[in-house]
$ cat structure.csv   # CSV, C-alpha atoms and all ligand atoms
chain,number,residue,atom,x,y,z
A,1,MET,CA,83.6,86.2,117.9
A,2,THR,CA,84.6,88.9,120.3
A,3,ALA,CA,88.3,88.7,119.4
A,4,ARG,CA,89.6,91.7,117.5
A,5,HIS,CA,93.1,90.9,116.4
A,6,ALA,CA,94.4,87.6,115.1
A,7,LEU,CA,98.0,86.9,114.1
A,8,VAL,CA,98.6,83.9,111.9
A,9,THR,CA,102.0,82.5,110.9
A,10,GLY,CA,102.6,80.9,107.6
A,11,ALA,CA,99.7,82.9,106.4
A,12,ALA,CA,100.9,83.3,102.8
A,13,SER,CA,99.8,79.9,101.6
A,14,GLY,CA,98.0,76.6,102.3
A,15,ILE,CA,96.3,76.1,105.7
A,16,GLY,CA,97.6,79.4,107.1
A,17,ARG,CA,96.0,81.4,104.2
A,18,ALA,CA,92.7,79.6,104.8
A,19,ILE,CA,92.8,80.4,108.5
A,20,ALA,CA,93.6,84.0,107.9
A,21,LEU,CA,90.7,84.4,105.4
A,22,LYS,CA,88.3,82.6,107.8
A,23,LEU,CA,89.3,84.7,110.9
A,24,ALA,CA,89.0,87.9,108.8
A,25,GLU,CA,85.5,86.8,107.7
A,26,GLU,CA,84.7,86.5,111.4
A,27,GLY,CA,85.6,90.1,111.8
A,28,CYS,CA,89.2,90.0,113.1
A,29,PHE,CA,92.0,92.4,112.1
A,30,LEU,CA,94.5,90.0,110.6
A,31,SER,CA,98.3,90.1,111.0
A,32,LEU,CA,99.7,87.8,108.4
A,33,CYS,CA,103.3,86.7,109.1
A,34,ASP,CA,105.3,84.7,106.6
A,35,LEU,CA,108.8,84.4,105.2
A,36,ASP,CA,107.3,85.2,101.8
A,37,GLY,CA,106.3,88.9,102.2
A,38,PRO,CA,104.8,89.5,98.8
A,39,LYS,CA,102.7,86.4,99.0
A,40,ALA,CA,101.5,87.4,102.5
A,41,GLU,CA,100.7,90.9,101.1
A,42,ALA,CA,98.6,89.3,98.4
A,43,VAL,CA,96.5,87.5,101.1
A,44,ALA,CA,96.2,90.8,102.9
A,45,GLU,CA,94.9,92.4,99.7
A,46,VAL,CA,92.2,89.7,99.3
A,47,ILE,CA,91.1,90.4,102.9
A,48,ARG,CA,91.0,94.2,102.3
A,49,ALA,CA,89.1,93.7,99.0
A,50,ALA,CA,86.4,91.8,101.0
A,51,GLY,CA,86.1,94.8,103.4
A,52,GLY,CA,88.4,93.5,106.1
A,53,SER,CA,91.6,94.9,107.6
A,54,ALA,CA,95.0,93.2,107.4
A,55,LEU,CA,98.7,93.7,107.7
A,56,ALA,CA,101.3,91.5,106.1
A,57,VAL,CA,104.6,91.2,108.0
A,58,ALA,CA,107.6,89.4,106.3
A,59,GLY,CA,109.8,87.7,108.9
A,60,ASP,CA,111.4,84.5,110.0
A,61,ILE,CA,109.8,83.3,113.3
A,62,THR,CA,112.8,81.1,114.2
A,63,LYS,CA,114.7,84.1,115.8
A,64,GLU,CA,113.6,85.8,119.0
A,65,PRO,CA,114.4,89.4,117.9
A,66,GLU,CA,112.3,88.7,114.8
A,67,CYS,CA,109.4,87.4,116.8
A,68,ARG,CA,109.5,90.6,119.0
A,69,ARG,CA,109.7,92.8,115.9
A,70,ILE,CA,106.7,90.9,114.2
A,71,HIS,CA,104.7,91.3,117.4
A,72,SER,CA,105.5,94.9,117.8
A,73,LEU,CA,104.5,95.8,114.2
A,74,ALA,CA,101.3,93.8,114.5
A,75,LYS,CA,100.4,95.5,117.8
A,76,LYS,CA,101.0,98.9,116.4
A,77,ALA,CA,98.7,98.2,113.5
A,78,GLY,CA,95.9,96.2,115.2
A,79,GLY,CA,96.2,96.6,118.9
A,80,PRO,CA,96.9,93.7,121.3
A,81,VAL,CA,96.8,90.3,119.8
A,82,ASP,CA,93.7,88.3,121.0
A,83,ILE,CA,94.4,85.2,118.8
A,84,LEU,CA,97.7,83.6,117.9
A,85,VAL,CA,97.7,80.8,115.4
A,86,ASN,CA,101.2,79.1,115.3
A,87,ASN,CA,100.7,77.5,111.9
A,88,ALA,CA,103.9,77.9,109.9
A,89,GLY,CA,105.7,74.6,109.4
A,90,ILE,CA,107.9,72.7,107.0
A,91,TYR,CA,107.7,69.0,106.2
A,92,PRO,CA,110.7,67.8,104.2
A,93,ALA,CA,110.8,64.0,103.8
A,94,SER,CA,113.5,62.9,106.1
A,95,PRO,CA,114.2,59.2,106.8
A,96,VAL,CA,116.6,59.0,109.8
A,97,LEU,CA,119.6,57.9,107.8
A,98,GLU,CA,119.2,60.7,105.3
A,99,THR,CA,118.5,63.5,107.8
A,100,THR,CA,121.3,65.9,108.1
A,101,GLU,CA,122.0,67.9,111.2
A,102,GLU,CA,121.1,71.1,109.4
A,103,MET,CA,117.8,69.6,108.2
A,104,TRP,CA,117.0,68.4,111.7
A,105,ASP,CA,117.7,71.8,113.2
A,106,ARG,CA,115.6,73.7,110.6
A,107,VAL,CA,112.6,71.5,111.1
A,108,MET,CA,112.8,71.8,114.9
A,109,ASP,CA,113.4,75.6,114.6
A,110,VAL,CA,110.4,76.3,112.4
A,111,ASN,CA,108.0,73.7,113.7
A,112,LEU,CA,108.8,73.8,117.4
A,113,LYS,CA,111.1,76.6,118.6
A,114,ALA,CA,109.1,79.3,116.6
A,115,VAL,CA,105.9,78.2,118.5
A,116,PHE,CA,107.7,78.9,121.8
A,117,LEU,CA,109.3,82.1,120.7
A,118,LEU,CA,106.3,83.8,119.2
A,119,SER,CA,104.0,82.7,122.0
A,120,LYS,CA,106.6,84.0,124.5
A,121,ALA,CA,106.6,87.4,122.7
A,122,ILE,CA,102.8,87.7,122.7
A,123,LEU,CA,101.7,86.0,126.0
A,124,PRO,CA,102.7,88.9,128.3
A,125,ASP,CA,100.0,91.1,126.6
A,126,MET,CA,97.5,88.3,126.8
A,127,VAL,CA,98.2,87.9,130.5
A,128,GLU,CA,97.8,91.6,131.1
A,129,GLN,CA,94.4,91.5,129.2
A,130,GLY,CA,93.3,88.4,131.2
A,131,SER,CA,92.3,86.6,127.9
A,132,GLY,CA,93.7,85.1,124.8
A,133,ARG,CA,93.6,82.1,122.5
A,134,ILE,CA,96.5,80.2,121.0
A,135,VAL,CA,96.1,77.5,118.4
A,136,ASN,CA,99.2,75.5,117.4
A,137,MET,CA,99.3,73.4,114.2
A,138,ALA,CA,100.3,69.9,115.2
A,139,SER,CA,99.8,66.9,112.9
A,140,ILE,CA,98.6,63.3,112.9
A,141,ASP,CA,102.4,62.5,112.6
A,142,GLY,CA,103.0,63.9,116.0
A,143,LYS,CA,100.7,61.2,117.4
A,144,LYS,CA,101.3,58.3,115.0
A,145,PRO,CA,104.7,58.6,113.3
A,146,GLY,CA,105.3,56.6,110.2
A,147,PRO,CA,108.5,56.0,108.2
A,148,GLY,CA,110.2,58.8,106.3
A,149,ASN,CA,109.5,61.9,108.4
A,150,SER,CA,111.4,61.4,111.6
A,151,ALA,CA,112.3,65.0,112.3
A,152,TYR,CA,108.8,66.3,111.4
A,153,SER,CA,107.0,63.7,113.6
A,154,ALA,CA,109.3,64.5,116.5
A,155,SER,CA,108.7,68.2,116.1
A,156,LYS,CA,105.0,67.8,116.0
A,157,ALA,CA,105.0,65.4,119.1
A,158,ALA,CA,106.9,68.2,120.9
A,159,VAL,CA,104.3,70.8,119.7
A,160,ILE,CA,101.6,68.6,121.3
A,161,SER,CA,103.5,68.5,124.6
A,162,LEU,CA,104.3,72.2,124.5
A,163,THR,CA,100.6,72.9,123.8
A,164,ARG,CA,99.6,71.1,127.0
A,165,SER,CA,102.3,72.7,129.1
A,166,MET,CA,101.2,76.2,127.9
A,167,ALA,CA,97.6,75.4,128.4
A,168,ALA,CA,98.2,74.3,132.0
A,169,GLU,CA,100.3,77.4,132.8
A,170,MET,CA,98.0,79.9,131.1
A,171,ALA,CA,94.6,78.7,132.1
A,172,PRO,CA,94.6,80.8,135.3
A,173,PHE,CA,95.1,83.9,133.2
A,174,GLY,CA,92.1,83.3,131.0
A,175,ILE,CA,94.2,82.1,128.1
A,176,ARG,CA,93.3,78.9,126.2
A,177,VAL,CA,95.9,77.0,124.3
A,178,ASN,CA,94.9,74.2,121.9
A,179,ALA,CA,96.2,72.4,118.9
A,180,VAL,CA,94.8,71.0,115.7
A,181,ALA,CA,96.2,67.7,114.4
A,182,PRO,CA,95.3,67.4,110.7
A,183,GLY,CA,95.8,64.3,108.6
A,184,TRP,CA,96.3,65.0,104.9
A,185,VAL,CA,95.3,68.4,103.7
A,186,GLY,CA,95.1,69.3,100.0
A,187,THR,CA,97.3,72.4,100.0
A,188,GLU,CA,99.2,73.4,96.9
A,189,ASN,CA,102.4,72.1,98.5
A,190,ILE,CA,101.0,68.7,99.2
A,191,LEU,CA,99.2,68.4,95.8
A,192,LYS,CA,102.4,69.1,93.8
A,193,GLY,CA,103.9,65.9,95.2
A,194,ASP,CA,102.7,62.3,94.7
A,195,ARG,CA,102.7,60.9,98.2
A,196,TRP,CA,99.1,61.9,98.9
A,197,LYS,CA,97.8,59.6,96.1
A,198,ASP,CA,98.7,56.5,98.1
A,199,ALA,CA,97.8,58.1,101.4
A,200,VAL,CA,94.3,58.9,100.3
A,201,LYS,CA,93.5,55.2,100.0
A,202,LEU,CA,94.0,54.9,103.8
A,203,ILE,CA,91.6,57.8,104.7
A,204,PRO,CA,88.2,56.4,105.8
A,205,ILE,CA,86.4,59.6,104.5
A,206,GLY,CA,88.1,58.9,101.2
A,207,ARG,CA,89.6,62.3,100.4
A,208,LEU,CA,92.0,64.9,101.6
A,209,ALA,CA,90.8,67.7,103.8
A,210,GLU,CA,90.2,71.1,102.3
A,211,PRO,CA,92.3,73.9,103.9
A,212,ALA,CA,89.0,75.6,104.8
A,213,GLU,CA,88.0,72.6,106.8
A,214,ILE,CA,91.1,73.0,109.1
A,215,ALA,CA,90.4,76.8,109.2
A,216,GLY,CA,86.9,76.2,110.4
A,217,VAL,CA,88.0,74.1,113.3
A,218,VAL,CA,90.7,76.7,114.3
A,219,ALA,CA,88.0,79.5,114.2
A,220,TRP,CA,85.7,77.4,116.3
A,221,LEU,CA,88.5,76.7,118.9
A,222,CYS,CA,89.0,80.4,119.1
A,223,SER,CA,85.2,81.1,119.5
A,224,GLU,CA,83.3,81.6,122.8
A,225,THR,CA,81.5,78.3,122.1
A,226,ALA,CA,84.8,76.5,122.8
A,227,GLY,CA,85.4,78.6,126.0
A,228,TYR,CA,85.9,75.5,128.2
A,229,ILE,CA,88.3,73.8,125.9
A,230,THR,CA,92.1,74.0,126.6
A,231,GLY,CA,95.0,71.6,126.2
A,232,GLU,CA,93.0,69.8,123.5
A,233,ILE,CA,94.7,68.3,120.5
A,234,LEU,CA,91.9,68.0,118.0
A,235,ASN,CA,92.1,65.4,115.3
A,236,VAL,CA,90.9,66.6,111.9
A,237,ASN,CA,92.0,63.6,109.9
A,238,GLY,CA,89.0,62.0,108.1
A,239,GLY,CA,89.1,59.0,110.4
A,240,MET,CA,92.7,58.0,109.9
A,241,LEU,CA,93.4,58.1,113.6
A,242,MET,CA,90.8,57.9,116.4
A,243,ASP,CA,92.3,58.4,119.8
B,301,LIG,N1,99.2,70.0,104.4
B,301,LIG,C1,99.1,69.0,105.2
B,301,LIG,O1,98.7,67.9,104.8
B,301,LIG,C2,99.4,69.1,106.7
B,301,LIG,C3,99.0,68.0,107.5
B,301,LIG,C4,99.2,68.1,108.9
B,301,LIG,C5,99.8,69.3,109.4
B,301,LIG,N2,100.2,70.3,108.6
B,301,LIG,C6,100.8,71.5,109.2
B,301,LIG,O2,100.0,72.6,108.8
B,301,LIG,C7,100.9,73.7,108.7
B,301,LIG,C8,100.7,74.4,107.3
B,301,LIG,O3,101.0,73.4,106.3
B,301,LIG,P1,100.7,73.8,104.8
B,301,LIG,O4,100.6,72.5,104.1
B,301,LIG,O5,99.7,74.8,104.7
B,301,LIG,O6,102.2,74.4,104.4
B,301,LIG,P2,102.6,75.4,103.3
B,301,LIG,O7,104.0,75.0,102.9
B,301,LIG,O8,101.6,75.6,102.2
B,301,LIG,O9,102.7,76.8,104.1
B,301,LIG,C9,103.6,77.0,105.1
B,301,LIG,C10,103.9,78.5,105.1
B,301,LIG,O10,104.8,78.7,106.2
B,301,LIG,C11,105.8,79.7,105.8
B,301,LIG,N3,107.0,79.5,106.6
B,301,LIG,C12,107.9,78.5,106.6
B,301,LIG,N4,108.9,78.8,107.4
B,301,LIG,C13,108.6,80.0,108.0
B,301,LIG,C14,109.4,80.8,108.9
B,301,LIG,N5,110.5,80.4,109.4
B,301,LIG,N6,108.8,82.0,109.3
B,301,LIG,C15,107.6,82.4,108.7
B,301,LIG,N7,106.9,81.7,107.8
B,301,LIG,C16,107.4,80.5,107.5
B,301,LIG,C17,106.0,79.4,104.3
B,301,LIG,O11,106.6,80.5,103.6
B,301,LIG,C18,104.6,79.0,103.9
B,301,LIG,O12,103.9,80.2,103.3
B,301,LIG,C19,102.3,73.2,109.0
B,301,LIG,O13,102.6,73.4,110.3
B,301,LIG,C20,102.2,71.7,108.7
B,301,LIG,O14,103.1,70.9,109.4
B,301,LIG,C21,99.9,70.2,107.2
$ encode --input "structure.csv" --output "structure tokens"
Amino acid sequence: MTARHALVTGAASGIGRAIALKLAEEGCFLSLCDLDGPKAEAVAEVIRAAGGSALAVAGDITKEPECRRIHSLAKKAGGPVDILVNNAGIYPASPVLETTEEMWDRVMDVNLKAVFLLSKAILPDMVEQGSGRIVNMASIDGKKPGPGNSAYSASKAAVISLTRSMAAEMAPFGIRVNAVAPGWVGTENILKGDRWKDAVKLIPIGRLAEPAEIAGVVAWLCSETAGYITGEILNVNGGMLMD
């Protein structure tokens, strides 16, 4: 991989942590952004202990000045960002009738608005460089919503649409924008609940994905091998949805 600097949001845990470790293994300088600063710092330490370089930045990506601040700190430490992985997301169970306005806004802010804001902060540098890769974390729920997570599904459907708009606008500048749409992934957060136990029965492959399996796909999308792929929403769902 020729990319030198990758910025991953939600990098303190779960899928984001796995993506950060994978991209560091591929030789990137890692900027790890998360609300939870100490936890992000712990991931940075794992990367450094393995011989890599990383910066942890605590911040809330739902605010434009914060996104500019995060980008500026990252750039100062690792140079222009070559890879942006908009991974941070929240998924509170929210049947329509139980979803408060506050909950709706928070889900949209973290899952959707932050993708726009951080991309907007970083894209001018990518345009100037004439290259860049962005991978957004969508979800199977953005393609095939079920009951009980209306705000989440709507936010991820919008991420899919935003990915395609950005891909079309940015292709002439050498910037590829793709999304990954996981099914069920065995992150700590998912495994502490019970919902996955019923869900796993509906997965043709018969198990949840490992976070590292999502990370591998993200790294591949960022590699030169995927150089002709943009605007793609890649299913990584064990066969739950084939479209
Ligand atoms: N786990 C799954 O089964 C699954 C399936 C499909 C899609 N996804 C998507 O993958 C992504 C990661 O999921 P996960 O299971 O690893 O989640 P997780 O809860 O383990 O990690 C999410 C991280 O994002 C951080 N974060 C939340 N809000 C933030 C904000 N405003 N600013 C900065 N950081 C913030 C959290 O602190 C946390 O460390 C999410 O976008 C999620 O919707 C997950």
$ closest_residue --input "structure.csv" --among "A:Leu123, A:Leu208, A:Val8, A:Ala42" --to "Phe173 (chain A)" --atoms "all atoms listed in the file"
A:Leu123
$ closest_residue --input "structure.csv" --among "A:Lys192, A:Lys156, A:Lys75, A:Lys143" --to "ligand LIG 301 (chain B)" --atoms "only C-alpha atoms and all ligand atoms"
A:Lys156
$ residues_near_ligand --input "structure.csv" --ligand "ligand LIG 301 (chain B)" --cutoff "7 Å" --atoms "all atoms listed in the file" --output "VMD selection string"
chain A and resid 9 to 16 33 to 36 59 to 62 87 to 91 110 to 111 137 to 140 181 to 190
$ atom_distance --input "structure.csv" --atom1 "CA of Leu118 (chain A)" --atom2 "CA of Phe29 (chain A)"
18.1 Å
$ residues_around --input "structure.csv" --residues "Lys63 (chain A)" --least-positions-apart "5" --cutoff "10 Å" --atoms "only C-alpha atoms" --output "list of chain:residue names"
A:Arg68, A:Asp109, A:Val110, A:Lys113, A:Ala114, A:Leu117, A:Leu118
$ residues_around --input "structure.csv" --residues "Glu232 (chain A)" --least-positions-apart "4" --cutoff "9 Å" --atoms "all atoms listed in the file" --output "number ranges by chain"
A: 160, 163-164, 167, 177-180
$ write_last_selection --input "structure.csv" --atoms "C-alpha atoms" --output "PDB file, in the coordinates of the input"
ATOM      1  CA  ILE A 160     101.600  68.600 121.300  1.00  0.00           C
ATOM      2  CA  THR A 163     100.600  72.900 123.800  1.00  0.00           C
ATOM      3  CA  ARG A 164      99.600  71.100 127.000  1.00  0.00           C
ATOM      4  CA  ALA A 167      97.600  75.400 128.400  1.00  0.00           C
ATOM      5  CA  VAL A 177      95.900  77.000 124.300  1.00  0.00           C
ATOM      6  CA  ASN A 178      94.900  74.200 121.900  1.00  0.00           C
ATOM      7  CA  ALA A 179      96.200  72.400 118.900  1.00  0.00           C
ATOM      8  CA  VAL A 180      94.800  71.000 115.700  1.00  0.00           C
TER       9      VAL A 180
END
$ closest_residue --input "structure.csv" --among "A:Gly193, A:Ser150, A:Cys222, A:Gly174" --to "Ile134 (chain A)" --atoms "only C-alpha atoms"
A:Cys222
$ atom_distance --input "structure.csv" --atom1 "CA of Ser119 (chain A)" --atom2 "CA of Glu45 (chain A)"
26.0 Å
$ atom_distance --input "structure.csv" --atom1 "CA of Val81 (chain A)" --atom2 "CA of Ala209 (chain A)"
28.3 Å
$ residues_around --input "structure.csv" --residues "Gly79 (chain A)" --least-positions-apart "5" --cutoff "10 Å" --atoms "all atoms listed in the file" --output "list in words"
Arg4, His5, Ala6, Phe29, Ser72, Leu73 and Ala74 of chain A
$ closest_residue --input "structure.csv" --among "A:Gly78, A:Ile83, A:Pro147, A:Ala158" --to "Leu97 (chain A)" --atoms "all atoms listed in the file"
A:Pro147
$ closest_residue --input "structure.csv" --among "A:Val115, A:Leu84, A:Ala151, A:Cys67" --to "Glu101 (chain A)" --atoms "only C-alpha atoms"
A:Ala151
$ closest_residue --input "structure.csv" --among "A:Leu202, A:Met126, A:Ala212, A:Val96" --to "Met170 (chain A)" --atoms "all atoms listed in the file"
A:Met126
